[in-house]
Amino acid sequence: MQSFDSDGVQIAYIDVPGKEGAPGNGEPILLIHGFASNHAVNWVNALWVRFLTEAGYRVVALDNRGHGQSEKLYDPAAYTSGEMVGDAVRLLRHLGIERADVMGYSMGARIAAHMALDYSAEVRSLLIGGLGFNLVDGRGLPQGIAEALEAPPGAPAPNPTAATFRLFAEQTKSDLRALAACIRASRQTLSRAELSAIDTPTLISVGTLDTVAGSGPELAKLMPNARALDLPNRDHSTAVGDRLHRQGVLEFLKERP
């Protein structure tokens, strides 16, 4: 991986060229991963990087601050949506990319949506995965995840979801204290008025068994240029790499202006 200085924070990223002569024509797409994950888990292992580069797209994917190989910070104030959007925008500018398709999953989708609102000129299209109406009402993940991440090994978690995130964070060899700070600050919602102001072409992809994201179609109704893609029999963890998800994204990219 490469890294760059994002306003004093070291952010790791990959930049993979698309296959020459393929329909994507080398157009850039920025991928933003979810909470407690990293670029490899969400995008490399789930075959997104291979799929998109073979289709001709230039794939840029970062490890969000506090995750993967990027710098770890322990103050929740360092993980607001504004701070994390700033890393994504500065990465594009660091690479000389004036405009890109932006795809995020779960927390990454929240970051991408805030990016489309605040930096619309730099977002060609918006691809929201694993996040639906909970972008508005803030529901989804229960309380107790930060406490579970900070608890001593073997301590019982406050609820099953918190236990799942603790296990996932351990499996990805994450810095648990940095993730606890992140989860305390990274749940900023968008209002209905803010969503109505995002006229960027948008695809919202959510698994039909996802109990974390909220409704994709209900979110799409609040946006002037959005459509929803239901992923049958997929939950929050299995929807990201779903074959229909990849096919739907590629069809959307071919059709968007």
# chains A, B, ... in the order shown; residues from 1 in each chain; ligands from 1
call {"tool": "closest_atom_pairs", "arguments": {"of": "segment 86-201 of chain A", "to": "segment 234-238 of chain A", "cutoff": "9 Å", "atoms": "only C-alpha atoms", "output": "JSON lines"}}
result
{"residue": "A:Ser106", "atom": "CA", "partner": "A:His236", "partner_atom": "CA", "distance": 8.3}
{"residue": "A:Gly130", "atom": "CA", "partner": "A:His236", "partner_atom": "CA", "distance": 6.1}
{"residue": "A:Leu131", "atom": "CA", "partner": "A:His236", "partner_atom": "CA", "distance": 8.9}
call {"tool": "residues_around", "arguments": {"residues": "Pro158 of chain A", "least_positions_apart": "2", "cutoff": "7 Å", "atoms": "only C-alpha atoms", "output": "JSON, numbers by chain"}}
result
{"A": [144, 148, 156, 162]}
call {"tool": "closest_atom_pairs", "arguments": {"of": "segment 59-112 of chain A", "to": "segment 180-186 of chain A", "cutoff": "7 Å", "atoms": "only C-alpha atoms", "output": "CSV"}}
result
residue,atom,partner,partner_atom,distance
A:Tyr74,CA,A:Ala181,CA,5.6
A:Asp75,CA,A:Ala181,CA,5.9
A:Pro76,CA,A:Ala181,CA,4.4
A:Ala77,CA,A:Ala185,CA,6.6
A:Tyr79,CA,A:Cys182,CA,5.2
A:Thr80,CA,A:Ser186,CA,5.1
A:Ser81,CA,A:Ser186,CA,5.8
call {"tool": "select_by_dssp", "arguments": {"residues": "segment 5-141 of chain A", "states": "alpha helix (DSSP H)", "output": "count of residues only"}}
result
38
call {"tool": "residues_around", "arguments": {"residues": "Gly24 of chain A", "least_positions_apart": "3", "cutoff": "8 Å", "atoms": "only C-alpha atoms", "output": "PyMOL selection string"}}
result
chain A and resi 18+27+55-57+254
call {"tool": "decode", "arguments": {"residues": "segment 138-178 of chain A", "atoms": "N, CA and C atoms", "output": "CSV table (one decimal), in the first residue's frame"}}
result
chain,number,residue,atom,x,y,z
A,138,GLY,N,-31.0,7.2,12.1
A,138,GLY,CA,-29.9,6.9,13.0
A,138,GLY,C,-30.0,5.6,13.7
A,139,ARG,N,-31.1,4.8,13.4
A,139,ARG,CA,-31.2,3.5,14.1
A,139,ARG,C,-30.3,2.5,13.4
A,140,GLY,N,-30.2,1.3,13.9
A,140,GLY,CA,-29.4,0.2,13.3
A,140,GLY,C,-28.5,-0.4,14.3
A,141,LEU,N,-27.3,0.1,14.5
A,141,LEU,CA,-26.4,-0.5,15.5
A,141,LEU,C,-26.8,-0.1,16.9
A,142,PRO,N,-26.9,-1.1,17.8
A,142,PRO,CA,-27.2,-0.7,19.2
A,142,PRO,C,-26.1,-0.1,19.9
A,143,GLN,N,-26.4,0.4,21.1
A,143,GLN,CA,-25.4,0.9,22.0
A,143,GLN,C,-24.6,-0.2,22.5
A,144,GLY,N,-23.4,0.1,23.1
A,144,GLY,CA,-22.6,-1.0,23.7
A,144,GLY,C,-21.5,-1.5,22.9
A,145,ILE,N,-21.4,-1.1,21.6
A,145,ILE,CA,-20.3,-1.6,20.8
A,145,ILE,C,-18.9,-1.1,21.3
A,146,ALA,N,-18.9,0.2,21.6
A,146,ALA,CA,-17.6,0.8,22.1
A,146,ALA,C,-17.2,0.1,23.4
A,147,GLU,N,-18.1,-0.1,24.3
A,147,GLU,CA,-17.8,-0.8,25.6
A,147,GLU,C,-17.3,-2.2,25.3
A,148,ALA,N,-17.9,-2.9,24.4
A,148,ALA,CA,-17.5,-4.3,24.1
A,148,ALA,C,-16.1,-4.3,23.5
A,149,LEU,N,-15.7,-3.3,22.7
A,149,LEU,CA,-14.4,-3.2,22.1
A,149,LEU,C,-13.4,-2.9,23.2
A,150,GLU,N,-13.7,-2.2,24.2
A,150,GLU,CA,-12.8,-1.8,25.2
A,150,GLU,C,-12.7,-2.8,26.4
A,151,ALA,N,-13.6,-3.7,26.4
A,151,ALA,CA,-13.6,-4.7,27.5
A,151,ALA,C,-12.4,-5.7,27.5
A,152,PRO,N,-12.0,-6.2,28.6
A,152,PRO,CA,-11.0,-7.2,28.6
A,152,PRO,C,-11.3,-8.4,27.8
A,153,PRO,N,-10.4,-9.1,27.3
A,153,PRO,CA,-10.7,-10.4,26.6
A,153,PRO,C,-11.5,-11.3,27.4
A,154,GLY,N,-12.6,-11.9,26.8
A,154,GLY,CA,-13.4,-12.8,27.5
A,154,GLY,C,-14.6,-12.2,28.3
A,155,ALA,N,-14.6,-10.9,28.4
A,155,ALA,CA,-15.7,-10.2,29.1
A,155,ALA,C,-17.0,-10.3,28.3
A,156,PRO,N,-18.1,-10.5,28.9
A,156,PRO,CA,-19.4,-10.6,28.1
A,156,PRO,C,-19.7,-9.2,27.5
A,157,ALA,N,-20.2,-9.3,26.3
A,157,ALA,CA,-20.7,-8.1,25.6
A,157,ALA,C,-22.1,-7.7,26.0
A,158,PRO,N,-22.4,-6.4,25.9
A,158,PRO,CA,-23.8,-6.0,26.3
A,158,PRO,C,-24.9,-6.6,25.5
A,159,ASN,N,-24.6,-6.9,24.2
A,159,ASN,CA,-25.7,-7.5,23.4
A,159,ASN,C,-25.0,-8.3,22.3
A,160,PRO,N,-25.7,-9.1,21.5
A,160,PRO,CA,-25.1,-10.0,20.5
A,160,PRO,C,-24.5,-9.2,19.4
A,161,THR,N,-25.0,-8.0,19.0
A,161,THR,CA,-24.4,-7.3,17.9
A,161,THR,C,-23.0,-6.7,18.4
A,162,ALA,N,-23.0,-6.3,19.6
A,162,ALA,CA,-21.7,-5.8,20.1
A,162,ALA,C,-20.7,-6.9,20.1
A,163,ALA,N,-21.1,-8.1,20.5
A,163,ALA,CA,-20.2,-9.3,20.5
A,163,ALA,C,-19.7,-9.6,19.1
A,164,THR,N,-20.6,-9.5,18.2
A,164,THR,CA,-20.2,-9.8,16.8
A,164,THR,C,-19.2,-8.8,16.3
A,165,PHE,N,-19.3,-7.5,16.6
A,165,PHE,CA,-18.4,-6.5,16.2
A,165,PHE,C,-17.0,-6.7,16.9
A,166,ARG,N,-17.1,-7.1,18.1
A,166,ARG,CA,-15.8,-7.4,18.9
A,166,ARG,C,-15.1,-8.5,18.2
A,167,LEU,N,-15.8,-9.6,17.9
A,167,LEU,CA,-15.2,-10.7,17.2
A,167,LEU,C,-14.6,-10.3,15.8
A,168,PHE,N,-15.4,-9.6,15.1
A,168,PHE,CA,-15.0,-9.2,13.7
A,168,PHE,C,-13.7,-8.3,13.8
A,169,ALA,N,-13.7,-7.4,14.8
A,169,ALA,CA,-12.5,-6.5,15.0
A,169,ALA,C,-11.3,-7.3,15.3
A,170,GLU,N,-11.5,-8.3,16.1
A,170,GLU,CA,-10.3,-9.2,16.5
A,170,GLU,C,-9.8,-10.0,15.3
A,171,GLN,N,-10.8,-10.4,14.5
A,171,GLN,CA,-10.4,-11.2,13.3
A,171,GLN,C,-9.7,-10.4,12.3
A,172,THR,N,-10.0,-9.1,12.2
A,172,THR,CA,-9.3,-8.2,11.2
A,172,THR,C,-8.1,-7.6,11.9
A,173,LYS,N,-7.7,-8.0,13.1
A,173,LYS,CA,-6.5,-7.5,13.8
A,173,LYS,C,-6.6,-6.0,13.9
A,174,SER,N,-7.7,-5.5,14.3
A,174,SER,CA,-7.9,-4.0,14.4
A,174,SER,C,-7.4,-3.5,15.7
A,175,ASP,N,-7.2,-2.2,15.8
A,175,ASP,CA,-6.9,-1.5,17.1
A,175,ASP,C,-8.2,-1.3,17.7
A,176,LEU,N,-8.5,-2.0,18.8
A,176,LEU,CA,-9.8,-2.0,19.4
A,176,LEU,C,-10.1,-0.6,20.0
A,177,ARG,N,-9.1,0.0,20.6
A,177,ARG,CA,-9.3,1.3,21.2
A,177,ARG,C,-9.6,2.4,20.2
A,178,ALA,N,-9.0,2.3,19.0
A,178,ALA,CA,-9.2,3.3,18.0
A,178,ALA,C,-10.6,3.1,17.4
